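Next up, coords.pdb (PDB, C-alpha atoms):
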ATOM      1  CA  MET A   1      41.803  13.833-240.832
ATOM      2  CA  LYS A   2      39.345  11.622-239.003
ATOM      3  CA  LEU A   3      40.745   8.132-238.575
ATOM      4  CA  ALA A   4      38.351   5.237-239.199
ATOM      5  CA  ALA A   5      37.941   2.835-236.269
ATOM      6  CA  ALA A   6      39.328  -0.068-238.305
ATOM      7  CA  LYS A   7      42.614   1.780-238.841
ATOM      8  CA  VAL A   8      43.231   2.902-235.258
ATOM      9  CA  SER A   9      45.112  -0.197-234.088
ATOM     10  CA  GLY A  10      47.564  -0.116-237.001
ATOM     11  CA  PHE A  11      48.085   3.625-236.614
ATOM     12  CA  LEU A  12      48.930   3.266-232.931
ATOM     13  CA  LYS A  13      51.345   0.402-233.609
ATOM     14  CA  SER A  14      53.158   2.485-236.206
ATOM     15  CA  ALA A  15      53.602   5.291-233.665
ATOM     16  CA  GLY A  16      51.615   7.676-235.804
ATOM     17  CA  THR A  17      53.833   7.528-238.878
ATOM     18  CA  ASN A  18      53.252  10.524-241.194
ATOM     19  CA  ALA A  19      51.309  12.412-238.509
ATOM     20  CA  SER A  20      52.697  15.373-236.596
ATOM     21  CA  ALA A  21      49.714  15.912-234.328
ATOM     22  CA  VAL A  22      47.047  13.552-232.986
ATOM     23  CA  LEU A  23      43.825  14.341-231.132
ATOM     24  CA  ILE A  24      42.506  11.472-229.017
ATOM     25  CA  TYR A  25      39.100  12.189-227.504
ATOM     26  CA  GLY A  26      35.823  10.625-226.407
ATOM     27  CA  ASN A  27      33.540   9.691-223.552
ATOM     28  CA  ASP A  28      35.506   6.544-222.689
ATOM     29  CA  ARG A  29      38.249   8.198-220.647
ATOM     30  CA  GLY A  30      39.978   4.889-219.974
ATOM     31  CA  LEU A  31      40.289   4.096-223.670
ATOM     32  CA  VAL A  32      41.439   7.657-224.377
ATOM     33  CA  ARG A  33      44.218   7.341-221.804
ATOM     34  CA  GLU A  34      45.202   3.861-222.992
ATOM     35  CA  ARG A  35      45.544   5.043-226.594
ATOM     36  CA  VAL A  36      47.452   8.171-225.574
ATOM     37  CA  GLU A  37      49.928   6.024-223.657
ATOM     38  CA  THR A  38      50.214   3.445-226.454
ATOM     39  CA  LEU A  39      50.952   6.116-229.036
ATOM     40  CA  GLY A  40      53.275   7.996-226.684
ATOM     41  CA  ARG A  41      55.363   4.892-225.955
ATOM     42  CA  GLY A  42      55.833   4.444-229.676
ATOM     43  CA  VAL A  43      57.560   7.827-229.741
ATOM     44  CA  VAL A  44      59.581   7.644-226.495
ATOM     45  CA  ASP A  45      60.606   4.734-224.305
ATOM     46  CA  ASP A  46      59.734   6.485-221.051
ATOM     47  CA  LEU A  47      56.732   8.788-220.780
ATOM     48  CA  ASN A  48      58.317  10.323-217.681
ATOM     49  CA  ASP A  49      61.526  11.332-219.484
ATOM     50  CA  PRO A  50      61.878  15.063-218.692
ATOM     51  CA  PHE A  51      64.235  15.626-221.631
ATOM     52  CA  ARG A  52      61.961  14.210-224.333
ATOM     53  CA  VAL A  53      58.448  14.584-222.885
ATOM     54  CA  THR A  54      56.580  17.781-222.038
ATOM     55  CA  GLU A  55      53.104  17.705-220.483
ATOM     56  CA  LEU A  56      50.820  20.725-220.762
ATOM     57  CA  LYS A  57      47.257  21.597-219.777
ATOM     58  CA  SER A  58      44.789  24.079-221.221
ATOM     59  CA  GLY A  59      45.689  26.575-218.503
ATOM     60  CA  ASP A  60      49.358  26.504-219.522
ATOM     61  CA  VAL A  61      48.425  27.483-223.070
ATOM     62  CA  ARG A  62      45.911  30.135-222.008
ATOM     63  CA  GLY A  63      48.470  31.743-219.721
ATOM     64  CA  ASP A  64      51.205  31.710-222.377
ATOM     65  CA  PRO A  65      49.766  31.278-225.909
ATOM     66  CA  ALA A  66      53.232  30.962-227.482
ATOM     67  CA  ARG A  67      54.357  28.143-225.180
ATOM     68  CA  LEU A  68      52.727  25.351-227.163
ATOM     69  CA  ALA A  69      54.502  26.349-230.369
ATOM     70  CA  ASP A  70      57.797  26.707-228.493
ATOM     71  CA  GLU A  71      57.518  23.243-226.946
ATOM     72  CA  VAL A  72      56.627  21.620-230.275
ATOM     73  CA  ALA A  73      59.586  23.299-232.009
ATOM     74  CA  ALA A  74      62.120  22.543-229.231
ATOM     75  CA  GLN A  75      64.866  19.978-229.853
ATOM     76  CA  SER A  76      65.789  17.200-227.458
ATOM     77  CA  MET A  77      69.059  17.788-225.597
ATOM     78  CA  ILE A  78      69.900  14.075-225.740
ATOM     79  CA  GLY A  79      68.602  13.276-229.219
ATOM     80  CA  GLY A  80      65.517  11.390-230.324
ATOM     81  CA  ARG A  81      62.029  12.555-231.164
ATOM     82  CA  ARG A  82      60.257  14.686-228.572
ATOM     83  CA  LEU A  83      56.704  14.194-227.342
ATOM     84  CA  VAL A  84      54.353  16.992-226.285
ATOM     85  CA  LEU A  85      51.251  15.839-224.373
ATOM     86  CA  LEU A  86      48.492  18.430-224.112
ATOM     87  CA  ARG A  87      45.496  17.589-221.924
ATOM     88  CA  ILE A  88      42.649  19.976-222.607
ATOM     89  CA  ASP A  89      39.413  20.808-220.813
ATOM     90  CA  GLY A  90      36.333  22.507-222.232
ATOM     91  CA  THR A  91      38.125  25.836-222.681
ATOM     92  CA  ASP A  92      38.622  26.861-226.305
ATOM     93  CA  ILE A  93      42.348  27.054-227.096
ATOM     94  CA  SER A  94      41.835  26.346-230.790
ATOM     95  CA  LYS A  95      43.657  29.521-231.897
ATOM     96  CA  SER A  96      46.928  28.368-230.321
ATOM     97  CA  LEU A  97      46.468  24.890-231.767
ATOM     98  CA  ALA A  98      45.622  26.289-235.201
ATOM     99  CA  ALA A  99      48.823  28.349-235.171
ATOM    100  CA  VAL A 100      50.882  25.226-234.439
ATOM    101  CA  LEU A 101      49.160  23.084-237.073
ATOM    102  CA  ASP A 102      49.436  25.792-239.731
ATOM    103  CA  ASP A 103      53.203  26.096-239.245
ATOM    104  CA  PHE A 104      54.389  22.891-237.588
ATOM    105  CA  ILE A 105      58.115  23.226-236.908
ATOM    106  CA  GLY A 106      60.338  20.313-235.900
ATOM    107  CA  ASP A 107      59.741  16.573-235.712
ATOM    108  CA  ALA A 108      58.047  16.368-232.310
ATOM    109  CA  MET A 109      54.800  14.461-231.882
ATOM    110  CA  LEU A 110      51.936  16.504-230.416
ATOM    111  CA  ILE A 111      49.239  14.418-228.732
ATOM    112  CA  VAL A 112      46.123  16.223-227.543
ATOM    113  CA  GLU A 113      44.007  14.345-224.996
ATOM    114  CA  ALA A 114      40.387  15.417-224.550
ATOM    115  CA  GLY A 115      37.027  14.228-223.288
ATOM    116  CA  GLU A 116      33.816  14.215-225.314
ATOM    117  CA  LEU A 117      33.921  16.647-228.281
ATOM    118  CA  GLY A 118      30.895  17.280-230.481
ATOM    119  CA  PRO A 119      31.195  17.494-234.289
ATOM    120  CA  ARG A 120      31.233  21.299-234.100
ATOM    121  CA  ALA A 121      33.900  21.517-231.394
ATOM    122  CA  PRO A 122      36.649  23.848-232.735
ATOM    123  CA  VAL A 123      39.542  21.577-231.737
ATOM    124  CA  ARG A 124      37.965  18.516-233.339
ATOM    125  CA  LYS A 125      37.209  20.431-236.549
ATOM    126  CA  LEU A 126      40.817  21.623-236.690
ATOM    127  CA  PHE A 127      42.290  18.134-236.500
ATOM    128  CA  GLU A 128      39.798  16.564-238.886
ATOM    129  CA  ALA A 129      40.494  19.230-241.515
ATOM    130  CA  ASP A 130      44.309  19.209-241.296
ATOM    131  CA  ARG A 131      46.156  16.872-243.680
ATOM    132  CA  ASN A 132      49.033  16.272-241.254
ATOM    133  CA  ALA A 133      46.876  15.781-238.159
ATOM    134  CA  VAL A 134      44.729  12.861-237.051
ATOM    135  CA  ALA A 135      41.597  12.719-234.876
ATOM    136  CA  ILE A 136      40.779   9.468-233.062
ATOM    137  CA  ALA A 137      37.421   9.010-231.317
ATOM    138  CA  CYS A 138      37.095   6.755-228.268
ATOM    139  CA  TYR A 139      33.609   5.654-227.340
ATOM    140  CA  ALA A 140      32.318   3.063-224.904
ATOM    141  CA  ASP A 141      32.816  -0.450-226.247
ATOM    142  CA  ASP A 142      29.855  -2.135-227.887
ATOM    143  CA  GLU A 143      29.023  -5.758-227.091
ATOM    144  CA  ARG A 144      31.196  -7.201-229.879
ATOM    145  CA  ALA A 145      34.195  -5.178-228.727
ATOM    146  CA  ILE A 146      33.628  -6.208-225.104
ATOM    147  CA  GLU A 147      33.363  -9.875-226.087
ATOM    148  CA  SER A 148      36.619  -9.573-228.034
ATOM    149  CA  LEU A 149      38.306  -7.943-225.029
ATOM    150  CA  ILE A 150      37.066 -10.743-222.746
ATOM    151  CA  GLU A 151      38.468 -13.404-225.077
ATOM    152  CA  THR A 152      41.764 -11.543-225.509
ATOM    153  CA  VAL A 153      42.463 -10.855-221.843
ATOM    154  CA  LEU A 154      41.276 -14.184-220.431
ATOM    155  CA  GLY A 155      42.763 -16.045-223.399
ATOM    156  CA  SER A 156      46.189 -14.584-222.662
ATOM    157  CA  HIS A 157      45.976 -16.423-219.318
ATOM    158  CA  GLY A 158      44.736 -19.653-220.892
ATOM    159  CA  ILE A 159      41.227 -19.142-219.507
ATOM    160  CA  SER A 160      37.807 -19.233-221.149
ATOM    161  CA  ALA A 161      34.444 -18.034-219.810
ATOM    162  CA  ASP A 162      31.301 -20.163-219.602
ATOM    163  CA  PRO A 163      28.400 -18.784-221.707
ATOM    164  CA  ASP A 164      26.523 -17.439-218.670
ATOM    165  CA  ALA A 165      29.724 -15.937-217.310
ATOM    166  CA  LYS A 166      30.470 -14.248-220.635
ATOM    167  CA  ASN A 167      26.949 -12.827-220.899
ATOM    168  CA  HIS A 168      27.240 -11.350-217.430
ATOM    169  CA  LEU A 169      30.661  -9.896-218.198
ATOM    170  CA  ILE A 170      29.339  -8.256-221.354
ATOM    171  CA  LYS A 171      26.608  -6.560-219.327
ATOM    172  CA  GLN A 172      28.933  -5.519-216.499
ATOM    173  CA  LEU A 173      31.780  -4.150-218.599
ATOM    174  CA  GLY A 174      32.101  -1.619-221.363
ATOM    175  CA  SER A 175      31.613   1.903-220.029
ATOM    176  CA  ASP A 176      35.363   2.360-219.613
ATOM    177  CA  HIS A 177      37.866   0.282-221.580
ATOM    178  CA  MET A 178      40.671   0.526-219.045
ATOM    179  CA  VAL A 179      38.389  -0.395-216.148
ATOM    180  CA  SER A 180      37.091  -3.369-218.154
ATOM    181  CA  ARG A 181      40.627  -4.613-218.790
ATOM    182  CA  ARG A 182      41.529  -4.213-215.117
ATOM    183  CA  GLU A 183      38.443  -6.157-214.008
ATOM    184  CA  LEU A 184      39.267  -8.985-216.418
ATOM    185  CA  GLU A 185      42.865  -9.136-215.201
ATOM    186  CA  LYS A 186      41.533  -9.352-211.628
ATOM    187  CA  LEU A 187      39.216 -12.193-212.677
ATOM    188  CA  ALA A 188      42.110 -14.067-214.310
ATOM    189  CA  LEU A 189      44.197 -13.684-211.157
ATOM    190  CA  TYR A 190      41.322 -15.024-209.071
ATOM    191  CA  ALA A 191      40.885 -18.008-211.418
ATOM    192  CA  GLY A 192      44.403 -19.209-210.654
ATOM    193  CA  GLU A 193      44.894 -22.659-212.173
ATOM    194  CA  LYS A 194      41.356 -22.894-213.556
ATOM    195  CA  THR A 195      40.948 -23.135-217.319
ATOM    196  CA  SER A 196      37.464 -21.621-217.287
ATOM    197  CA  VAL A 197      35.460 -19.238-215.125
ATOM    198  CA  SER A 198      31.808 -19.693-214.170
ATOM    199  CA  LEU A 199      28.997 -17.244-213.570
ATOM    200  CA  GLU A 200      29.571 -17.607-209.820
ATOM    201  CA  ASP A 201      33.237 -16.632-210.272
ATOM    202  CA  VAL A 202      32.287 -13.546-212.263
ATOM    203  CA  VAL A 203      29.587 -12.426-209.815
ATOM    204  CA  GLN A 204      31.997 -12.810-206.902
ATOM    205  CA  ILE A 205      34.860 -10.894-208.515
ATOM    206  CA  VAL A 206      33.587  -8.544-211.207
ATOM    207  CA  GLY A 207      30.183  -8.365-209.568
ATOM    208  CA  ASP A 208      31.743  -6.618-206.592
ATOM    209  CA  ASN A 209      30.963  -3.409-208.463
ATOM    210  CA  GLY A 210      27.558  -3.938-206.772
ATOM    211  CA  ALA A 211      26.122  -0.472-206.321
ATOM    212  CA  LEU A 212      28.434   0.839-209.002
ATOM    213  CA  SER A 213      27.260  -1.471-211.746
ATOM    214  CA  LEU A 214      25.396  -0.103-214.706
ATOM    215  CA  GLU A 215      22.981  -2.985-214.248
ATOM    216  CA  GLU A 216      22.021  -1.739-210.799
ATOM    217  CA  ILE A 217      21.532   1.803-212.104
ATOM    218  CA  ALA A 218      19.223   0.492-214.826
ATOM    219  CA  TYR A 219      17.176  -1.567-212.377
ATOM    220  CA  ALA A 220      16.895   1.304-209.904
ATOM    221  CA  THR A 221      15.698   3.584-212.710
ATOM    222  CA  ALA A 222      13.084   1.218-214.146
ATOM    223  CA  GLY A 223      11.995   0.121-210.675
ATOM    224  CA  GLY A 224      11.337   3.647-209.432
ATOM    225  CA  ASP A 225      13.861   3.461-206.587
ATOM    226  CA  GLY A 226      14.820   7.125-206.587
ATOM    227  CA  ASP A 227      16.866   7.088-203.381
ATOM    228  CA  GLN A 228      18.962   4.164-204.545
ATOM    229  CA  LEU A 229      19.357   5.744-207.970
ATOM    230  CA  GLU A 230      20.665   8.975-206.422
ATOM    231  CA  ARG A 231      23.304   7.025-204.472
ATOM    232  CA  LEU A 232      24.307   4.940-207.493
ATOM    233  CA  LEU A 233      24.653   7.922-209.795
ATOM    234  CA  ALA A 234      26.651   9.940-207.268
ATOM    235  CA  ARG A 235      29.060   7.044-206.833
ATOM    236  CA  ALA A 236      29.270   6.392-210.586
ATOM    237  CA  PHE A 237      30.088  10.032-211.337
ATOM    238  CA  ARG A 238      32.751  10.059-208.607
ATOM    239  CA  GLU A 239      34.277   7.038-210.308
ATOM    240  CA  SER A 240      34.232   8.901-213.659
ATOM    241  CA  GLN A 241      31.609   6.689-215.261
ATOM    242  CA  SER A 242      30.569   8.144-218.619
ATOM    243  CA  PRO A 243      27.072   9.699-218.494
ATOM    244  CA  VAL A 244      26.513   8.605-222.099
ATOM    245  CA  GLY A 245      27.600   5.075-221.178
ATOM    246  CA  ILE A 246      25.128   5.098-218.281
ATOM    247  CA  LEU A 247      22.304   6.288-220.529
ATOM    248  CA  ARG A 248      23.077   3.571-223.061
ATOM    249  CA  ALA A 249      23.090   0.892-220.366
ATOM    250  CA  VAL A 250      19.685   2.037-219.142
ATOM    251  CA  LEU A 251      18.446   2.144-222.738
ATOM    252  CA  ARG A 252      19.533  -1.476-223.235
ATOM    253  CA  HIS A 253      17.541  -2.394-220.133
ATOM    254  CA  PHE A 254      14.425  -0.695-221.485
ATOM    255  CA  GLN A 255      14.929  -2.422-224.830
ATOM    256  CA  LYS A 256      14.715  -5.730-222.964
ATOM    257  CA  LEU A 257      11.587  -4.524-221.196
ATOM    258  CA  HIS A 258      10.209  -3.593-224.622
ATOM    259  CA  MET A 259      10.832  -7.091-225.946
ATOM    260  CA  GLY A 260       9.346  -8.631-222.811
ATOM    261  CA  ALA A 261       6.273  -6.391-222.972
ATOM    262  CA  GLY A 262       5.799  -7.349-226.620
ATOM    263  CA  LEU A 263       5.858 -11.051-225.758
ATOM    264  CA  MET A 264       3.380 -10.479-222.947
ATOM    265  CA  GLY A 265       1.160  -8.699-225.446
ATOM    266  CA  GLN A 266       1.087 -11.993-227.331
ATOM    267  CA  GLY A 267      -0.398 -13.689-224.299
ATOM    268  CA  LYS A 268       2.730 -14.939-222.537
ATOM    269  CA  SER A 269       3.283 -14.594-218.795
ATOM    270  CA  SER A 270       6.152 -12.507-217.492
ATOM    271  CA  GLU A 271       8.102 -15.690-216.651
ATOM    272  CA  GLN A 272       7.568 -17.103-220.163
ATOM    273  CA  ALA A 273       8.569 -13.806-221.734
ATOM    274  CA  MET A 274      11.761 -13.623-219.666
ATOM    275  CA  LYS A 275      12.799 -17.114-220.729
ATOM    276  CA  GLN A 276      12.730 -16.040-224.382
ATOM    277  CA  LEU A 277      14.951 -12.988-223.911
ATOM    278  CA  ARG A 278      18.536 -13.183-225.175
ATOM    279  CA  PRO A 279      20.866 -12.805-223.488
ATOM    280  CA  PRO A 280      18.831 -14.231-220.616
ATOM    281  CA  ILE A 281      18.084 -12.191-217.501
ATOM    282  CA  LEU A 282      20.640 -12.997-214.825
ATOM    283  CA  PHE A 283      19.092 -14.962-211.970
ATOM    284  CA  LEU A 284      20.146 -12.257-209.509
ATOM    285  CA  PHE A 285      17.768  -9.806-211.200
ATOM    286  CA  ALA A 286      14.970 -12.113-212.350
ATOM    287  CA  GLY A 287      12.485 -11.081-209.649
ATOM    288  CA  ARG A 288      13.062  -7.378-210.166
ATOM    289  CA  PHE A 289      12.783  -7.673-213.945
ATOM    290  CA  SER A 290       9.496  -9.563-213.636
ATOM    291  CA  ARG A 291       8.064  -6.819-211.407
ATOM    292  CA  GLN A 292       9.211  -4.130-213.824
ATOM    293  CA  LEU A 293       7.384  -5.827-216.679
ATOM    294  CA  GLY A 294       4.267  -5.028-214.682
ATOM    295  CA  LEU A 295       5.225  -1.351-214.492
ATOM    296  CA  TRP A 296       6.098  -0.714-218.127
ATOM    297  CA  ASN A 297       3.734  -1.510-220.993
ATOM    298  CA  LEU A 298       4.755  -1.067-224.626
ATOM    299  CA  GLY A 299       3.674   2.566-224.865
ATOM    300  CA  ARG A 300       5.401   3.610-221.660
ATOM    301  CA  VAL A 301       8.586   1.777-222.631
ATOM    302  CA  ARG A 302       8.668   3.495-226.031
ATOM    303  CA  SER A 303       8.349   6.881-224.331
ATOM    304  CA  ALA A 304      11.171   5.973-221.934
ATOM    305  CA  MET A 305      13.432   4.918-224.806
ATOM    306  CA  ALA A 306      12.721   8.174-226.642
ATOM    307  CA  LEU A 307      13.598  10.174-223.521
ATOM    308  CA  LEU A 308      16.892   8.302-223.138
ATOM    309  CA  GLY A 309      17.784   8.873-226.787
ATOM    310  CA  GLU A 310      17.045  12.573-226.416
ATOM    311  CA  ALA A 311      19.197  12.745-223.287
ATOM    312  CA  GLU A 312      22.159  11.190-225.100
ATOM    313  CA  ARG A 313      21.793  13.696-227.934
ATOM    314  CA  ASP A 314      21.673  16.533-225.402
ATOM    315  CA  CYS A 315      24.891  15.255-223.799
ATOM    316  CA  LYS A 316      26.634  15.409-227.159
ATOM    317  CA  SER A 317      25.246  18.576-228.697
ATOM    318  CA  THR A 318      23.840  21.146-226.271
ATOM    319  CA  GLY A 319      26.880  22.008-224.202
ATOM    320  CA  LEU A 320      24.927  21.326-221.002
ATOM    321  CA  PRO A 321      26.779  19.381-218.267
ATOM    322  CA  ASP A 322      26.371  15.746-219.337
ATOM    323  CA  GLU A 323      26.147  14.472-215.752
ATOM    324  CA  ALA A 324      23.210  16.816-215.096
ATOM    325  CA  VAL A 325      21.476  15.731-218.305
ATOM    326  CA  CYS A 326      21.913  12.055-217.399
ATOM    327  CA  HIS A 327      20.733  12.595-213.824
ATOM    328  CA  ARG A 328      17.625  14.500-214.885
ATOM    329  CA  ALA A 329      16.587  11.872-217.447
ATOM    330  CA  LEU A 330      16.966   8.915-215.094
ATOM    331  CA  ILE A 331      15.220  10.623-212.190
ATOM    332  CA  ARG A 332      12.291  11.441-214.509
ATOM    333  CA  LEU A 333      12.016   7.771-215.447
ATOM    334  CA  ALA A 334      12.253   6.628-211.837
ATOM    335  CA  MET A 335       9.475   9.026-210.908
ATOM    336  CA  ALA A 336       7.344   7.711-213.782
ATOM    337  CA  ALA A 337       7.872   4.131-212.558
ATOM    338  CA  ARG A 338       7.001   5.079-208.985
ATOM    339  CA  ALA A 339       3.849   6.920-210.088
ATOM    340  CA  HIS A 340       2.473   3.920-211.979
TER     341      HIS A 340
END

Please rewrite the model in this file as structure tokens.
Amino acid sequence: MKLAAAKVSGFLKSAGTNASAVLIYGNDRGLVRERVETLGRGVVDDLNDPFRVTELKSGDVRGDPARLADEVAAQSMIGGRRLVLLRIDGTDISKSLAAVLDDFIGDAMLIVEAGELGPRAPVRKLFEADRNAVAIACYADDERAIESLIETVLGSHGISADPDAKNHLIKQLGSDHMVSRRELEKLALYAGEKTSVSLEDVVQIVGDNGALSLEEIAYATAGGDGDQLERLLARAFRESQSPVGILRAVLRHFQKLHMGAGLMGQGKSSEQAMKQLRPPILFLFAGRFSRQLGLWNLGRVRSAMALLGEAERDCKSTGLPDEAVCHRALIRLAMAARAH
């Protein structure tokens, strides 16, 4: 079955009670890995225990189709429930998985870790249709989830974030849950004895993403800086940034440009329009945003937003390489900005 987002936390804490097999997938690879490890540690104390934990990849199952069933049915030599971790790529091994789910033998827990899977992906359909299996989706955090993570992580260290600092954190974080948590832990360490962190603290520590930041990618796209955009995207993909997360970040930027262009259409200057935007434009980017308001009128912004929405749909449904889809869409927008 497909597990609702509101039930995921409780399910993980209960170590997947009443489930024999769990699929954890999505474009947020950090969150996928975090949930796999959380669930796995609920089954075994040590994920590196060779007697109770078996790790497999798609290639292992393709090379020996019966191995998955054998590992799931095997008994632990030292007692206790066994854990089988299967990390799959885009290769279809649904027949082997279907055979295991149809005749699940033993009390082992099977956890399948995967990247983005569309609604018609065979493995996802298998787990969503099986009564004893669970499918958990992991997507890039939205702003409310990021804000909650900020409060949780910093709060555990007795630290709060100033409003401007929190707004900047929300914009910087979110494409990868595990990376976001690591950046917040780094910020808390930097804060030391402080009880609150300022915008300057955040820019100095979390802002060291610099060329990697989604904010920079968005500004390079809307500003028509194709060379910079190529460098930023190459680095982001090397760091396993989610193409869908990148597209959404750029879309949020164009939504702000849309609001700004609308205010300017009411007779306001670019500076007046920027002051009314919420959250406010960070001072580091104010000059660039003002210039981009001169490049993108309402009609052009709407076309850009439609292109970004189409690119995200293509990433999820066409089977084309999502990095290539993302790259093509952003380069098209940068060229449009440069041609204006």

Check your understanding: Got a sec to resolve the PyMOL selection byres ((chain A and resi 257) around 9) on this structure and send the residues as a VMD selection string?
Key -> chain A and resid 252 to 256 258 to 262 289 292 to 293 296 to 298 301

Check your understanding: Can you tell me how far CA of Val8 (chain A) sits from CA of Val123 (chain A), in Å to one decimal?
Key -> 19.4 Å

Practice item. Please write as a PyMOL selection string the full residue list that the PyMOL selection byres ((chain A and resi 88) around 8) yields on this file. Key: chain A and resi 57-58+86-87+89-91+112-114

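Distances to Val36 (chain A) were evaluated for A:Val84, A:Ala129, A:Ile159, A:Leu68 using only C-alpha atoms, and the minimum falls at A:Val84.
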
Could you write out as a CSV table (one decimal) with C-alpha atoms, in the coordinates of the input the residues that the PyMOL selection byres ((chain A and resi 333-337) around 10) matches in the shown file?
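File produced: part.csv:
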chain,number,residue,atom,x,y,z
A,218,ALA,CA,19.2,0.5,-214.8
A,219,TYR,CA,17.2,-1.6,-212.4
A,220,ALA,CA,16.9,1.3,-209.9
A,221,THR,CA,15.7,3.6,-212.7
A,222,ALA,CA,13.1,1.2,-214.1
A,223,GLY,CA,12.0,0.1,-210.7
A,224,GLY,CA,11.3,3.6,-209.4
A,225,ASP,CA,13.9,3.5,-206.6
A,226,GLY,CA,14.8,7.1,-206.6
A,227,ASP,CA,16.9,7.1,-203.4
A,229,LEU,CA,19.4,5.7,-208.0
A,292,GLN,CA,9.2,-4.1,-213.8
A,295,LEU,CA,5.2,-1.4,-214.5
A,296,TRP,CA,6.1,-0.7,-218.1
A,300,ARG,CA,5.4,3.6,-221.7
A,301,VAL,CA,8.6,1.8,-222.6
A,303,SER,CA,8.3,6.9,-224.3
A,304,ALA,CA,11.2,6.0,-221.9
A,305,MET,CA,13.4,4.9,-224.8
A,307,LEU,CA,13.6,10.2,-223.5
A,308,LEU,CA,16.9,8.3,-223.1
A,328,ARG,CA,17.6,14.5,-214.9
A,329,ALA,CA,16.6,11.9,-217.4
A,330,LEU,CA,17.0,8.9,-215.1
A,331,ILE,CA,15.2,10.6,-212.2
A,332,ARG,CA,12.3,11.4,-214.5
A,338,ARG,CA,7.0,5.1,-209.0
A,339,ALA,CA,3.8,6.9,-210.1
A,340,HIS,CA,2.5,3.9,-212.0

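Distance check against Ser317 (chain A) using all atoms listed in the file: of A:Asp28, A:Asp45, A:Asp60, A:Glu116, the minimum falls on A:Glu116.
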
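Closest approach to Thr195 (chain A) among A:Leu31, A:Leu263, A:Val44, A:Leu154: A:Leu154, based on all atoms listed in the file.
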
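As for CA of Met264 (chain A) and CA of Leu251 (chain A), they are spaced 19.7 Å apart.
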
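Distance cut-off 10 Å, centre (58.4, 1.9, -232.6), atoms counted only C-alpha atoms; the residues meeting this are A:Leu12, A:Lys13, A:Ser14, A:Ala15, A:Gly16, A:Thr17, A:Leu39, A:Gly40, A:Arg41, A:Gly42, A:Val43, A:Val44, A:Asp45.
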
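Of the listed residues A:Glu216, A:Glu271, A:Glu193, A:Asp130, the one whose atoms come nearest to His157 (chain A) is A:Glu193, with distances taken using all atoms listed in the file.
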
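What separates CA of Met274 (chain A) from CA of Ser290 (chain A) is a distance of 7.6 Å.
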
Exercise for review: Excluding Ile170 (chain A) and residues on its chain fewer than 2 positions from it, collect all residues at most 12 Å away from it, counting all atoms listed in the file, and give them as a PyMOL selection string.
Suggested key: chain A and resi 141-151+161+163-168+172-175+180+183-184+199+202+206-207+213-215+249+279+282

Review point. Looking at all atoms listed in the file, which of A:Ala311, A:Val134, A:Leu85, A:Leu97 is the one that sits closest to Ile246 (chain A)?
Key: A:Ala311

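Distances to Asp314 (chain A) were evaluated for A:Gly294, A:Gly299, A:Gly118, A:Gly80 using only C-alpha atoms, and the minimum falls at A:Gly118.
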
Exercise for review: Within 8 Å of Asp322 (chain A), counting all atoms listed in the file, which residues show up once you throw out same-chain ones fewer than 5 positions away? Write them as an MDAnalysis selection string, please.
Suggested key: chainID A and resid 243:244 314:316

With C-alpha atoms retained, export the selected residues as a CSV table (one decimal), in the frame of the given file.
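Writing the result to out_13.csv gives the following:
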chain,number,residue,atom,x,y,z
A,243,PRO,CA,27.1,9.7,-218.5
A,244,VAL,CA,26.5,8.6,-222.1
A,314,ASP,CA,21.7,16.5,-225.4
A,315,CYS,CA,24.9,15.3,-223.8
A,316,LYS,CA,26.6,15.4,-227.2

Check your understanding: What's the 9 Å shell around Ala236 (chain A), counting only C-alpha atoms, without same-chain residues fewer than 2 positions away, as an NGL selection string?
Key -> :A and (211-214 or 231-234 or 238-243 or 246)

Point to revise | Distance query Met1 (chain A) at most 9 Å, only C-alpha atoms, self and fewer than 2 positions along chain excluded, as a VMD selection string | key: chain A and resid 3 126 to 136

Practice item. List the neighbours of Cys138 (chain A) out to 8 Å using all atoms listed in the file; skip same-chain residues closer than 4 positions along the sequence, and give me the result as a ChimeraX atom specification. Key: /A:24-29,31-32

Any chance you could model N, CA and C atoms for region 132-138 of chain A and send them as a PDB file, in the coordinates of the input?
ATOM      1  N   ASN A 132      47.940  16.871-242.021  1.00  0.00           N
ATOM      2  CA  ASN A 132      49.033  16.272-241.254  1.00  0.00           C
ATOM      3  C   ASN A 132      48.635  15.937-239.813  1.00  0.00           C
ATOM      4  N   ALA A 133      47.372  16.073-239.514  1.00  0.00           N
ATOM      5  CA  ALA A 133      46.876  15.781-238.159  1.00  0.00           C
ATOM      6  C   ALA A 133      45.839  14.671-238.230  1.00  0.00           C
ATOM      7  N   VAL A 134      45.654  13.988-237.116  1.00  0.00           N
ATOM      8  CA  VAL A 134      44.729  12.861-237.051  1.00  0.00           C
ATOM      9  C   VAL A 134      43.836  13.013-235.828  1.00  0.00           C
ATOM     10  N   ALA A 135      42.550  12.715-235.986  1.00  0.00           N
ATOM     11  CA  ALA A 135      41.597  12.719-234.876  1.00  0.00           C
ATOM     12  C   ALA A 135      41.094  11.302-234.651  1.00  0.00           C
ATOM     13  N   ILE A 136      41.207  10.824-233.413  1.00  0.00           N
ATOM     14  CA  ILE A 136      40.779   9.468-233.062  1.00  0.00           C
ATOM     15  C   ILE A 136      39.710   9.553-231.986  1.00  0.00           C
ATOM     16  N   ALA A 137      38.532   9.002-232.277  1.00  0.00           N
ATOM     17  CA  ALA A 137      37.421   9.010-231.317  1.00  0.00           C
ATOM     18  C   ALA A 137      37.451   7.742-230.471  1.00  0.00           C
ATOM     19  N   CYS A 138      37.125   7.883-229.198  1.00  0.00           N
ATOM     20  CA  CYS A 138      37.095   6.755-228.268  1.00  0.00           C
ATOM     21  C   CYS A 138      35.750   6.729-227.558  1.00  0.00           C
TER      22      CYS A 138
END
